[in-house]
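All remarks here apply to the structure that follows.
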Amino acid sequence: MTKGFKRVRSVAFAGLFFSAIISAVSCSDMYGDMLDNAKNQFNIIILESTSMQTRLLMPDSNQNYFTNSSFNSLYSGSAVFGFSLFADFNNDSIIDILVIREGSVPPYYSEIWYPNANLEYSKTDLTLIDGSGLSDAAIADFDNNGYKDIVIVTGGGYNNKCFLNPSAGTGFSQFTFGTFIVKNSINTADFDNDGDIDLFIGTNSAGMDSSAVWLNNIKQTGAFQYSFPIETPVLTDSKTADFNNDGIPDIVIVNNGSYIQILLNNGNATFSSGWVSSSNYNSLRAAVGDLNGDGSFDIYVVNSTASSNLILLNDGHGNFSIKTHIEAGISYDASLADYDLDGDIDIFLAESTGLKIFNNDGHSNFYLSQTISPATGGPYNNIALGACIK
Amino acid sequence: MKLLRMILFLIIINISASALAGAEWSESTLYGNKIQAGFSATGLLPLGDFSDLYEMGIGGMLDFSYVSNKQQNYRLSFRTGYFRLIAEEETDDGYKTGISDGFIIPFLLNYEYRFSLFFYNRVKIAPSVSAGISLNRAVYDDRSGTISGGVPTGQAAVKDKSVVSIEPMTVAGINILYMLNWTDSIFIRSEGGMIYESETPMYFTLLNAGYEKRF
């Protein structure tokens with residue numbers, strides 16, 4: 001073997017060795033991440049609840065929504081529907097449906113509907129959950145055991161209740177945490193940054209019935225603790241999101257005949273007044289989403305008259321510019337998600353004339369793309385969104 | 001292990017080739033011409049998972065070789081180039097990938113052995129193996145933050161997210177050359193290769209057609 005050949009071979013092996021070393025230290029997986037992302041194909045699915053009907057709407061291959069007939073929660077006049085929500089209660093990575101009735105009259109109880117891999121649903125009765133006086137409901141892992149729990153808030157003097165999920169969506173236990181006379185709305189977030197999910201319950205009353213933060217004290221006392229009351233006498237809805245991008249959840253409240261207001265979280269579940277609209281509005285509901293794709297949460301406000309819904313665009317610091325969504329009719333509720341899967345957030349409106357999807361052109365201009373026949377027996381109690389893998 | 005097996009296979013081919021065809025072919029008066037440069041137009045065809053992301057790549061390669069006095073059949077080369085990757089707009093299932101065009105710039109060390117064949121030894125066949133790194137740029141819509149726990153978060157996808165990475169790259173194949181004269185050749189090179197990622201290796205084939213000159 002010649003010296004030249006040995007030299008060439010040595011250099012070649014050095015190159016291979018160099019490559020192997022780089023391989024060993026390489027920790028990026030750019031194309032793998034892209035592949036996962038490209039296959040990260042979701043359909044947005046919709047739950048629509050009125051007192052007399054609750055429907056599951058799923059899109060076909062052309063993103064046109066139709067009713068999933070396997071989800072057929074039955075109406076009973078004395079156990080009317082309250083709220084329907086999506087969550088994965090048994091951690092099987094397929095989204096389940098919770099239906100809460102305002103009254104439980106055997107055999108009509110609140111229900112969890114579990115799907116199979118083809119999204120064909122079958123129900124399990126939740127005999128424990130009495131939805132009497134139901135005002136609003138939310139789902140989160142309140143006891144940090146890895147399973148989704150349920151909280152319902154009530155009016156009419158009924159107790160608010162939290163149902164803890166021990167595992168796999170069976171055998172819920174419950175505790176109560178206060179009583180409200182008035183109707184109210186509920187939001188969940190870790191307001192005091194302690195790792196537990198807290199509540200903000202918005203009401204239009206005063207005293208112990210006022211809007212307030214309820215801190216999660218489940219580990220210490222087994223309940224939520226009333227904290228930081230805020231009097232909001234004409235509140236109609238509230239939503240939580242990090243509006244000023246400081247990493248801490250804030251609150252927006254909308255009112256009937258008053259301002260739209262941002263409450264900025266000081267980091268310890270106390271709040272300072274942030275941006276306030278310069279005009280009064282007759283608002284019904286609010287929805288939160290990044291409507292212009294700038295990474296900050298914007299707000300969509302449903303007002304009580306036609307062509308008066310509002311798009312509030314966030315400047316990234318929690319200050320908003322307002323434009324009117326004149327294409328909207330008389331709306332009851334709004335939900336925001338990427339319905340057409342083009343990467344930007346669209347608007348779903350429950351209107352008096354039907355359910356409408358307005359697609360985003362990418363610059364927070366919206367155009368009507370689809371109208372879905374409404375359920376019978378409105379008005380709408382709630383619209384909930386989930387996602388399922390395509 | 002696939003990478004190591006492929007490299008080992010090509011090393012065995014090269015060493016076997018040197019044993020079988022030891023005859024040097026170059027004109028001795030050219031021994032002073034130690035540098036050889038070549039360029040080629042190159043097509044890149046993604047395979048497997050890579051083909052879910054990109055339809056094809058087009059670009060070119062530059063080769064700079066050193067020719068040792070007494071080892072005229074061997075080439076040790078530095079190869080670089082540029083490939084524009086043309087994105088797949090939809091997956092096989094008809095869904096939008098959210099991917100835009102990207103590029104690859106390879107930096108490779110190449111080692112090859114040239115067999116002399118017919119037409120008065122004007123035709124050469126050269127098994128080769130290259131290893132090094134590639135500078136990659138990808139642009140895509142990042143949907144990862146839009147869904148949490150099966151429920152929309154309200155966050156829009158991050159549009160046209162640009163990512164640049166440096167990854168190990170290995171290429172191996174066969175180079176077929178035709179000598180126009182003692183210093184100039186045209187060639188076609190067919191290769192298979194891989195950009196090595198820890199979880200998802202990306203495989204591809206390369207087809208080069210070019211010209212080289214010895215100085």
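Going through the structure tokens in order, the chains are called A, B, and so on, while each chain numbers its residues from 1 and the ligands are numbered from 1 in the order shown.
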
Notebook entry, point to check: What's the 7 Å shell around segment 28-42 of chain B, counting only C-alpha atoms, without same-chain residues fewer than 4 positions away, as an MDAnalysis selection string?
Noted result: chainID B and resid 58:69 206:215

Checklist line | Residues of segment 121-200 of chain B in strand (DSSP E), written as JSON, numbers by chain | finding: {"B": [123, 124, 125, 126, 127, 128, 129, 130, 131, 132, 133, 134, 135, 136, 137, 138, 139, 140, 141, 142, 147, 148, 151, 152, 158, 159, 160, 161, 162, 163, 164, 165, 166, 167, 168, 169, 170, 171, 172, 173, 174, 175, 176, 177, 178, 179, 184, 185, 186, 187, 188, 189, 190, 191, 192, 193, 194, 195]}

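Remark: for chain A, the closest of the candidate residues B:Ile188, B:Ile195, B:Leu44, B:Ile176 is B:Ile195 (distances computed over only C-alpha atoms).
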
Next item on the list: Pull out every residue of chain B that has at least one atom within 8 Å of chain A, counting only C-alpha atoms, and report them as number ranges by chain.
Entry: B: 49-50, 52-53, 68, 70-71, 76, 91, 95-99, 109-111, 131-133, 140-144, 147, 149-159, 163, 165, 167-169, 196-202

Item checked: Long-range neighbours of Gly222 of chain A as an NGL selection string, 10 Å cut-off, only C-alpha atoms, 3 positions minimum in chain -> :A and (143 or 174-177 or 216-219 or 225)

Checklist line | Test item: residues at most 9 Å from Asp242 of chain A, only C-alpha atoms, excluding those fewer than 6 positions along its chain, as a PyMOL selection string | finding: chain A and resi 248-251+264-265+296-297+318

Would you output that residue set with N, CA and C atoms, as a compact mmCIF listing (two decimals), in the first residue's frame?
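out-v6.txt, freshly written:
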```txt
# COMPACT_ATOMS: atom_id res chain seq x y z
N ILE A 248 -48.80 36.87 32.15
CA ILE A 248 -49.76 36.70 33.25
C ILE A 248 -51.16 36.91 32.69
N PRO A 249 -52.12 36.06 33.05
CA PRO A 249 -53.46 36.19 32.48
C PRO A 249 -54.21 37.42 32.99
N ASP A 250 -54.78 38.17 32.06
CA ASP A 250 -55.58 39.36 32.37
C ASP A 250 -57.05 39.03 32.08
N ILE A 251 -57.92 40.04 32.23
CA ILE A 251 -59.35 39.81 32.05
C ILE A 251 -59.93 40.95 31.22
N LEU A 264 -55.83 44.45 34.16
CA LEU A 264 -54.48 43.91 34.05
C LEU A 264 -54.07 43.26 35.37
N ASN A 265 -53.61 42.04 35.27
CA ASN A 265 -53.20 41.27 36.45
C ASN A 265 -51.84 41.77 36.95
N SER A 296 -50.57 38.55 19.47
CA SER A 296 -51.27 39.10 20.64
C SER A 296 -52.76 38.76 20.55
N PHE A 297 -53.37 38.64 21.71
CA PHE A 297 -54.79 38.29 21.75
C PHE A 297 -55.65 39.51 21.46
N GLY A 318 -51.77 45.66 25.25
CA GLY A 318 -53.06 45.66 25.92
C GLY A 318 -53.90 46.87 25.61
```

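Neighbouring residues of Ser227 of chain A at 7 Å or closer, counting only C-alpha atoms and skipping chain neighbours under 3 positions away, are A:Ala212, A:Val213, A:Trp214, A:Leu215.
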
Go ahead and save the residues from that selection, with N, CA and C atoms, as a compact mmCIF listing (two decimals), in the first residue's frame.
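After the write, out-v5.txt holds the following:
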```txt
# COMPACT_ATOMS: atom_id res chain seq x y z
N ALA A 212 -65.45 38.28 41.19
CA ALA A 212 -64.29 38.06 42.07
C ALA A 212 -63.40 36.98 41.49
N VAL A 213 -62.18 36.99 41.97
CA VAL A 213 -61.26 35.88 41.73
C VAL A 213 -61.50 34.85 42.82
N TRP A 214 -61.54 33.60 42.45
CA TRP A 214 -61.62 32.51 43.43
C TRP A 214 -60.32 31.71 43.30
N LEU A 215 -59.45 31.87 44.29
CA LEU A 215 -58.14 31.22 44.24
C LEU A 215 -58.26 29.73 44.54
```

Next item on the list: Can you pull out every residue within 9 Å of Phe71 of chain A, counting only C-alpha atoms, but drop anything in the same chain fewer than 4 positions away, and send it as a PyMOL selection string?
Entry: chain A and resi 54-56+67+113+115+120-123

Mind checking DSSP for segment 96-205 of chain B and telling me the alpha helix (DSSP H) residues as a PDB file with N, CA and C atoms, in the first residue's frame?
```pdb
ATOM      1  N   PHE B 118     -14.034   1.333 -21.335  1.00  0.00           N
ATOM      2  CA  PHE B 118     -13.884   1.205 -22.781  1.00  0.00           C
ATOM      3  C   PHE B 118     -13.596   2.531 -23.466  1.00  0.00           C
ATOM      4  N   PHE B 119     -13.618   2.489 -24.786  1.00  0.00           N
ATOM      5  CA  PHE B 119     -13.260   3.642 -25.643  1.00  0.00           C
ATOM      6  C   PHE B 119     -11.875   4.170 -25.278  1.00  0.00           C
ATOM      7  N   TYR B 120     -10.895   3.262 -25.336  1.00  0.00           N
ATOM      8  CA  TYR B 120      -9.516   3.650 -25.049  1.00  0.00           C
ATOM      9  C   TYR B 120      -9.390   4.310 -23.678  1.00  0.00           C
ATOM     10  N   ASN B 121     -10.123   3.762 -22.746  1.00  0.00           N
ATOM     11  CA  ASN B 121     -10.085   4.260 -21.359  1.00  0.00           C
ATOM     12  C   ASN B 121     -10.606   5.685 -21.208  1.00  0.00           C
TER      13      ASN B 121
END
```
